[in-house]
file upload-v5.csv (CSV, C-alpha atoms)
chain,number,residue,atom,x,y,z
M,1,MET,CA,6.5,-33.0,13.5
M,2,HIS,CA,4.1,-30.1,13.4
M,3,ILE,CA,4.6,-27.4,10.7
M,4,PHE,CA,4.9,-24.6,13.3
M,5,ASN,CA,7.6,-26.4,15.4
M,6,SER,CA,10.1,-26.9,12.6
M,7,LEU,CA,13.3,-25.0,12.2
M,8,PRO,CA,12.8,-24.4,8.4
M,9,ALA,CA,9.4,-22.8,9.1
M,10,ALA,CA,11.0,-20.4,11.6
M,11,ILE,CA,13.8,-19.5,9.2
M,12,VAL,CA,11.3,-18.8,6.5
M,13,ALA,CA,9.2,-16.6,8.9
M,14,VAL,CA,12.3,-14.6,10.0
M,15,ALA,CA,13.5,-14.2,6.4
M,16,PHE,CA,10.1,-12.9,5.3
M,17,TRP,CA,9.9,-10.3,8.1
M,18,ALA,CA,13.6,-9.3,7.5
M,19,PHE,CA,12.8,-8.9,3.8
M,20,LEU,CA,9.9,-6.6,4.6
M,21,ALA,CA,12.0,-4.6,7.0
M,22,VAL,CA,14.8,-4.2,4.4
M,23,CYS,CA,12.3,-3.1,1.7
M,24,ALA,CA,10.8,-0.5,4.1
M,25,VAL,CA,14.1,0.9,5.1
M,26,ALA,CA,15.4,1.0,1.5
M,27,GLY,CA,12.3,2.9,0.4
M,28,MET,CA,12.7,5.5,3.1
M,29,ARG,CA,16.4,5.8,2.4
M,30,TYR,CA,15.7,6.3,-1.3
M,31,ASP,CA,13.1,9.0,-0.7
M,32,PHE,CA,15.5,10.8,1.7
M,33,ARG,CA,18.3,10.7,-0.8
M,34,LYS,CA,16.1,12.1,-3.6
M,35,ARG,CA,15.1,15.0,-1.4
M,36,GLN,CA,18.6,15.5,-0.2
M,37,LEU,CA,19.9,15.7,-3.8
M,38,ALA,CA,17.2,18.2,-4.8
M,39,MET,CA,18.1,20.4,-1.8
M,40,ASP,CA,21.8,20.1,-2.6
M,41,SER,CA,21.2,21.3,-6.2
M,42,LEU,CA,19.1,24.2,-4.9
M,43,ARG,CA,21.8,25.1,-2.4
M,44,ALA,CA,24.5,24.9,-5.0
M,45,ALA,CA,22.6,27.2,-7.3
M,46,ILE,CA,22.0,29.7,-4.5
M,47,GLU,CA,25.7,29.7,-3.5
M,48,ARG,CA,26.7,30.4,-7.2
M,49,GLY,CA,24.5,33.4,-7.1
M,50,GLN,CA,22.0,32.2,-9.7
M,51,THR,CA,18.5,33.6,-9.5
M,52,LEU,CA,15.9,30.9,-9.0
M,53,GLU,CA,12.4,31.4,-10.3
M,54,PRO,CA,9.7,30.5,-7.7
M,55,GLY,CA,8.0,28.3,-10.2
M,56,LEU,CA,11.2,26.2,-10.7
M,57,VAL,CA,11.7,25.9,-6.9
M,58,ALA,CA,8.1,24.8,-6.5
M,59,GLN,CA,8.4,22.3,-9.3
M,60,LEU,CA,11.6,20.8,-7.8
M,61,LEU,CA,10.0,20.5,-4.4
M,62,ALA,CA,6.7,19.2,-5.7
M,63,GLN,CA,8.4,16.3,-7.3
M,64,HIS,CA,9.4,14.9,-3.9
M,65,ARG,CA,5.9,15.0,-2.4
M,66,GLY,CA,3.5,12.2,-2.6
M,67,PRO,CA,0.1,12.5,-4.1
M,68,GLU,CA,-2.0,14.5,-1.7
M,69,ALA,CA,-5.8,14.3,-1.7
M,70,ASP,CA,-7.6,17.6,-1.8
M,71,GLY,CA,-10.8,16.1,-0.5
M,72,PRO,CA,-12.5,12.8,0.3
M,73,GLY,CA,-13.6,12.3,-3.4
M,74,ASP,CA,-10.0,12.2,-4.5
M,75,LEU,CA,-9.5,9.0,-2.6
M,76,GLU,CA,-12.0,7.1,-4.7
M,77,PRO,CA,-9.5,5.6,-7.2
M,78,TYR,CA,-7.1,4.7,-4.5
M,79,LEU,CA,-9.8,2.9,-2.5
M,80,ARG,CA,-10.9,1.1,-5.6
M,81,ILE,CA,-7.4,0.0,-6.5
M,82,GLY,CA,-6.8,-1.1,-2.9
M,83,GLY,CA,-10.0,-3.1,-2.9
M,84,ILE,CA,-9.2,-4.9,-6.1
M,85,ILE,CA,-5.7,-5.8,-4.9
M,86,THR,CA,-7.0,-7.0,-1.5
M,87,ILE,CA,-9.7,-9.1,-3.1
M,88,ALA,CA,-7.1,-10.6,-5.5
M,89,ALA,CA,-4.9,-11.4,-2.5
M,90,GLY,CA,-7.8,-13.1,-0.7
M,91,ILE,CA,-8.5,-15.2,-3.8
M,92,GLY,CA,-4.8,-16.1,-3.9
M,93,VAL,CA,-4.8,-17.2,-0.3
M,94,LEU,CA,-8.0,-19.2,-1.0
M,95,ILE,CA,-6.3,-21.1,-3.8
M,96,ALA,CA,-3.1,-21.6,-1.7
M,97,ALA,CA,-5.2,-22.9,1.2
M,98,PHE,CA,-6.3,-25.9,-0.9
M,99,PHE,CA,-2.8,-26.7,-1.9
M,100,VAL,CA,-1.3,-26.2,1.6
M,101,GLY,CA,-4.2,-28.2,3.0
M,102,LEU,CA,-3.1,-31.3,1.0
M,103,GLN,CA,0.2,-31.4,3.0
M,104,PHE,CA,-1.0,-29.8,6.3
M,105,PRO,CA,-4.8,-30.3,6.8
M,106,VAL,CA,-4.7,-28.3,10.1
M,107,ALA,CA,-3.7,-25.2,8.2
M,108,LYS,CA,-6.5,-25.3,5.7
M,109,LEU,CA,-9.3,-23.8,7.8
M,110,PRO,CA,-7.2,-20.9,9.2
M,111,MET,CA,-6.1,-20.0,5.7
M,112,LEU,CA,-9.7,-20.1,4.4
M,113,GLY,CA,-10.6,-17.7,7.3
M,114,ALA,CA,-7.7,-15.3,6.3
M,115,SER,CA,-8.9,-15.5,2.7
M,116,ALA,CA,-12.5,-14.6,3.7
M,117,LEU,CA,-11.2,-11.7,5.9
M,118,ALA,CA,-9.1,-10.3,3.0
M,119,VAL,CA,-12.1,-10.6,0.6
M,120,CYS,CA,-14.3,-8.8,3.1
M,121,VAL,CA,-11.8,-6.0,3.6
M,122,GLY,CA,-11.5,-5.6,-0.2
M,123,LEU,CA,-15.3,-5.5,-0.5
M,124,GLY,CA,-15.4,-2.8,2.2
M,125,LEU,CA,-12.8,-0.8,0.3
M,126,LEU,CA,-14.9,-1.1,-2.9
M,127,LEU,CA,-18.0,0.0,-1.1
M,128,ALA,CA,-16.2,3.0,0.4
M,129,ALA,CA,-15.0,4.0,-3.1
M,130,GLY,CA,-18.6,3.7,-4.4
M,131,ALA,CA,-19.9,5.8,-1.5
M,132,LEU,CA,-17.3,8.5,-2.2
M,133,GLY,CA,-18.0,8.4,-5.9
M,134,ARG,CA,-21.8,9.0,-5.3
M,135,HIS,CA,-20.9,11.8,-2.8
M,136,ARG,CA,-18.7,13.5,-5.4
M,137,ARG,CA,-21.4,13.3,-8.1
M,138,GLY,CA,-23.9,14.8,-5.6
M,139,GLY,CA,-25.9,11.7,-5.1
M,140,GLY,CA,-25.8,11.8,-1.3
M,141,SER,CA,-23.6,11.8,1.7
M,142,PRO,CA,-20.5,9.5,1.9
M,143,ASP,CA,-22.1,7.8,4.9
M,144,SER,CA,-25.0,6.5,2.9
M,145,VAL,CA,-24.0,3.1,1.4
M,146,ALA,CA,-27.3,1.9,0.1

call {"tool": "encode", "arguments": {"input": "upload-v5.csv", "output": "structure tokens"}}
result
Amino acid sequence: MHIFNSLPAAIVAVAFWAFLAVCAVAGMRYDFRKRQLAMDSLRAAIERGQTLEPGLVAQLLAQHRGPEADGPGDLEPYLRIGGIITIAAGIGVLIAAFFVGLQFPVAKLPMLGASALAVCVGLGLLLAAGALGRHRRGGGSPDSVA
């Protein structure tokens, strides 16, 4: 029996994607609830007639926004972190390919290809971070990689 034609493999695949969907929906629900609670507290304070300082309102609302980049140079640490994580994932898939290849030799080569792809994407992210870092320091345009 081939690995991709088995019922347990299908169940694992469905469970994986269901887990990702639940995590995404839970994260969105959590963010929505946090914003809703902040708005409810502001609304309650206004209904009670309390005066709200603009700084306090701005601080409450700023807590519920994600980090926003002011310019391309601000993305450098995020690109660097993403590159490191992506390269580490590629190395993990590379290691897993050898172990999976022991049981299912047909899966070894595609997993090695996925590993190479992940490492290349990670290297691209690190190169982009380096180009942005040079641009921010005034060493050239972000388009020049060399």

call {"tool": "residues_around", "arguments": {"input": "upload-v5.csv", "residues": "Ala129 in chain M", "least_positions_apart": "3", "cutoff": "7 Å", "atoms": "all atoms listed in the file", "output": "number ranges by chain"}}
result
M: 76, 79-80, 125-126, 132-133

call {"tool": "closest_residue", "arguments": {"input": "upload-v5.csv", "among": "M:Val119, M:Val106, M:Ser6, M:Leu37", "to": "Leu94 in chain M", "atoms": "all atoms listed in the file"}}
result
M:Val119

call {"tool": "closest_residue", "arguments": {"input": "upload-v5.csv", "among": "M:Leu123, M:Val100, M:Leu56, M:Ala107", "to": "Ile84 in chain M", "atoms": "only C-alpha atoms"}}
result
M:Leu123

call {"tool": "closest_residue", "arguments": {"input": "upload-v5.csv", "among": "M:Leu127, M:Val93, M:Val12, M:Leu61", "to": "Asp40 in chain M", "atoms": "only C-alpha atoms"}}
result
M:Leu61

call {"tool": "closest_residue", "arguments": {"input": "upload-v5.csv", "among": "M:Ile85, M:Pro105, M:Leu7, M:Leu60", "to": "Ala118 in chain M", "atoms": "only C-alpha atoms"}}
result
M:Ile85

call {"tool": "atom_distance", "arguments": {"input": "upload-v5.csv", "atom1": "CA of Lys108 in chain M", "atom2": "CA of Ala89 in chain M"}}
result
16.2 Å

call {"tool": "atom_distance", "arguments": {"input": "upload-v5.csv", "atom1": "CA of Gly92 in chain M", "atom2": "CA of Asp74 in chain M"}}
result
28.8 Å

call {"tool": "residues_around", "arguments": {"input": "upload-v5.csv", "residues": "Ala97 in chain M", "least_positions_apart": "4", "cutoff": "12 Å", "atoms": "only C-alpha atoms", "output": "list of chain:residue names"}}
result
M:Gly90, M:Ile91, M:Gly92, M:Val93, M:Gly101, M:Leu102, M:Gln103, M:Phe104, M:Pro105, M:Val106, M:Ala107, M:Lys108, M:Leu109, M:Pro110, M:Met111, M:Leu112, M:Gly113, M:Ala114, M:Ser115, M:Ala116

call {"tool": "build_atoms", "arguments": {"input": "upload-v5.csv", "residues": "range 97-130 of chain M", "atoms": "N, CA and C atoms", "output": "CSV table (one decimal), keeping the file's coordinate frame"}}
result
chain,number,residue,atom,x,y,z
M,97,ALA,N,-4.7,-22.1,0.1
M,97,ALA,CA,-5.2,-22.9,1.2
M,97,ALA,C,-5.5,-24.3,0.8
M,98,PHE,N,-6.0,-24.5,-0.4
M,98,PHE,CA,-6.3,-25.9,-0.9
M,98,PHE,C,-5.0,-26.7,-1.1
M,99,PHE,N,-4.0,-26.0,-1.7
M,99,PHE,CA,-2.8,-26.7,-1.9
M,99,PHE,C,-2.0,-27.0,-0.6
M,100,VAL,N,-2.0,-26.0,0.3
M,100,VAL,CA,-1.3,-26.2,1.6
M,100,VAL,C,-2.1,-27.3,2.4
M,101,GLY,N,-3.4,-27.3,2.2
M,101,GLY,CA,-4.2,-28.2,3.0
M,101,GLY,C,-4.0,-29.7,2.6
M,102,LEU,N,-3.4,-29.9,1.4
M,102,LEU,CA,-3.1,-31.3,1.0
M,102,LEU,C,-2.0,-31.8,1.9
M,103,GLN,N,-1.0,-31.0,2.2
M,103,GLN,CA,0.2,-31.4,3.0
M,103,GLN,C,-0.1,-31.2,4.5
M,104,PHE,N,-0.8,-30.1,4.9
M,104,PHE,CA,-1.0,-29.8,6.3
M,104,PHE,C,-2.5,-29.5,6.5
M,105,PRO,N,-3.3,-30.5,6.7
M,105,PRO,CA,-4.8,-30.3,6.8
M,105,PRO,C,-5.2,-29.3,7.9
M,106,VAL,N,-4.4,-29.2,8.9
M,106,VAL,CA,-4.7,-28.3,10.1
M,106,VAL,C,-4.6,-26.9,9.6
M,107,ALA,N,-3.9,-26.6,8.6
M,107,ALA,CA,-3.7,-25.2,8.2
M,107,ALA,C,-4.7,-24.7,7.2
M,108,LYS,N,-5.5,-25.6,6.7
M,108,LYS,CA,-6.5,-25.3,5.7
M,108,LYS,C,-7.6,-24.3,6.2
M,109,LEU,N,-8.2,-24.6,7.3
M,109,LEU,CA,-9.3,-23.8,7.8
M,109,LEU,C,-8.8,-22.4,8.2
M,110,PRO,N,-7.7,-22.2,8.9
M,110,PRO,CA,-7.2,-20.9,9.2
M,110,PRO,C,-6.9,-20.1,7.9
M,111,MET,N,-6.4,-20.7,6.9
M,111,MET,CA,-6.1,-20.0,5.7
M,111,MET,C,-7.4,-19.6,5.0
M,112,LEU,N,-8.4,-20.5,5.0
M,112,LEU,CA,-9.7,-20.1,4.4
M,112,LEU,C,-10.3,-18.9,5.2
M,113,GLY,N,-10.1,-18.8,6.5
M,113,GLY,CA,-10.6,-17.7,7.3
M,113,GLY,C,-9.8,-16.4,6.9
M,114,ALA,N,-8.5,-16.5,6.7
M,114,ALA,CA,-7.7,-15.3,6.3
M,114,ALA,C,-8.2,-14.9,4.9
M,115,SER,N,-8.5,-15.8,4.1
M,115,SER,CA,-8.9,-15.5,2.7
M,115,SER,C,-10.3,-14.8,2.8
M,116,ALA,N,-11.2,-15.3,3.6
M,116,ALA,CA,-12.5,-14.6,3.7
M,116,ALA,C,-12.3,-13.2,4.3
M,117,LEU,N,-11.4,-13.0,5.3
M,117,LEU,CA,-11.2,-11.7,5.9
M,117,LEU,C,-10.7,-10.7,4.8
M,118,ALA,N,-9.7,-11.2,4.0
M,118,ALA,CA,-9.1,-10.3,3.0
M,118,ALA,C,-10.2,-9.9,1.9
M,119,VAL,N,-11.0,-10.9,1.6
M,119,VAL,CA,-12.1,-10.6,0.6
M,119,VAL,C,-13.1,-9.6,1.2
M,120,CYS,N,-13.4,-9.7,2.5
M,120,CYS,CA,-14.3,-8.8,3.1
M,120,CYS,C,-13.7,-7.4,3.2
M,121,VAL,N,-12.5,-7.3,3.5
M,121,VAL,CA,-11.8,-6.0,3.6
M,121,VAL,C,-11.8,-5.4,2.2
M,122,GLY,N,-11.5,-6.1,1.2
M,122,GLY,CA,-11.5,-5.6,-0.2
M,122,GLY,C,-12.9,-5.1,-0.6
M,123,LEU,N,-13.9,-5.9,-0.2
M,123,LEU,CA,-15.3,-5.5,-0.5
M,123,LEU,C,-15.6,-4.2,0.2
M,124,GLY,N,-15.2,-4.1,1.4
M,124,GLY,CA,-15.4,-2.8,2.2
M,124,GLY,C,-14.7,-1.6,1.5
M,125,LEU,N,-13.5,-1.8,1.0
M,125,LEU,CA,-12.8,-0.8,0.3
M,125,LEU,C,-13.6,-0.4,-1.0
M,126,LEU,N,-14.1,-1.4,-1.7
M,126,LEU,CA,-14.9,-1.1,-2.9
M,126,LEU,C,-16.2,-0.3,-2.6
M,127,LEU,N,-16.8,-0.7,-1.5
M,127,LEU,CA,-18.0,0.0,-1.1
M,127,LEU,C,-17.7,1.4,-0.7
M,128,ALA,N,-16.6,1.6,0.0
M,128,ALA,CA,-16.2,3.0,0.4
M,128,ALA,C,-15.9,3.8,-0.8
M,129,ALA,N,-15.3,3.2,-1.8
M,129,ALA,CA,-15.0,4.0,-3.1
M,129,ALA,C,-16.3,4.3,-3.8
M,130,GLY,N,-17.3,3.4,-3.8
M,130,GLY,CA,-18.6,3.7,-4.4
M,130,GLY,C,-19.3,4.8,-3.7
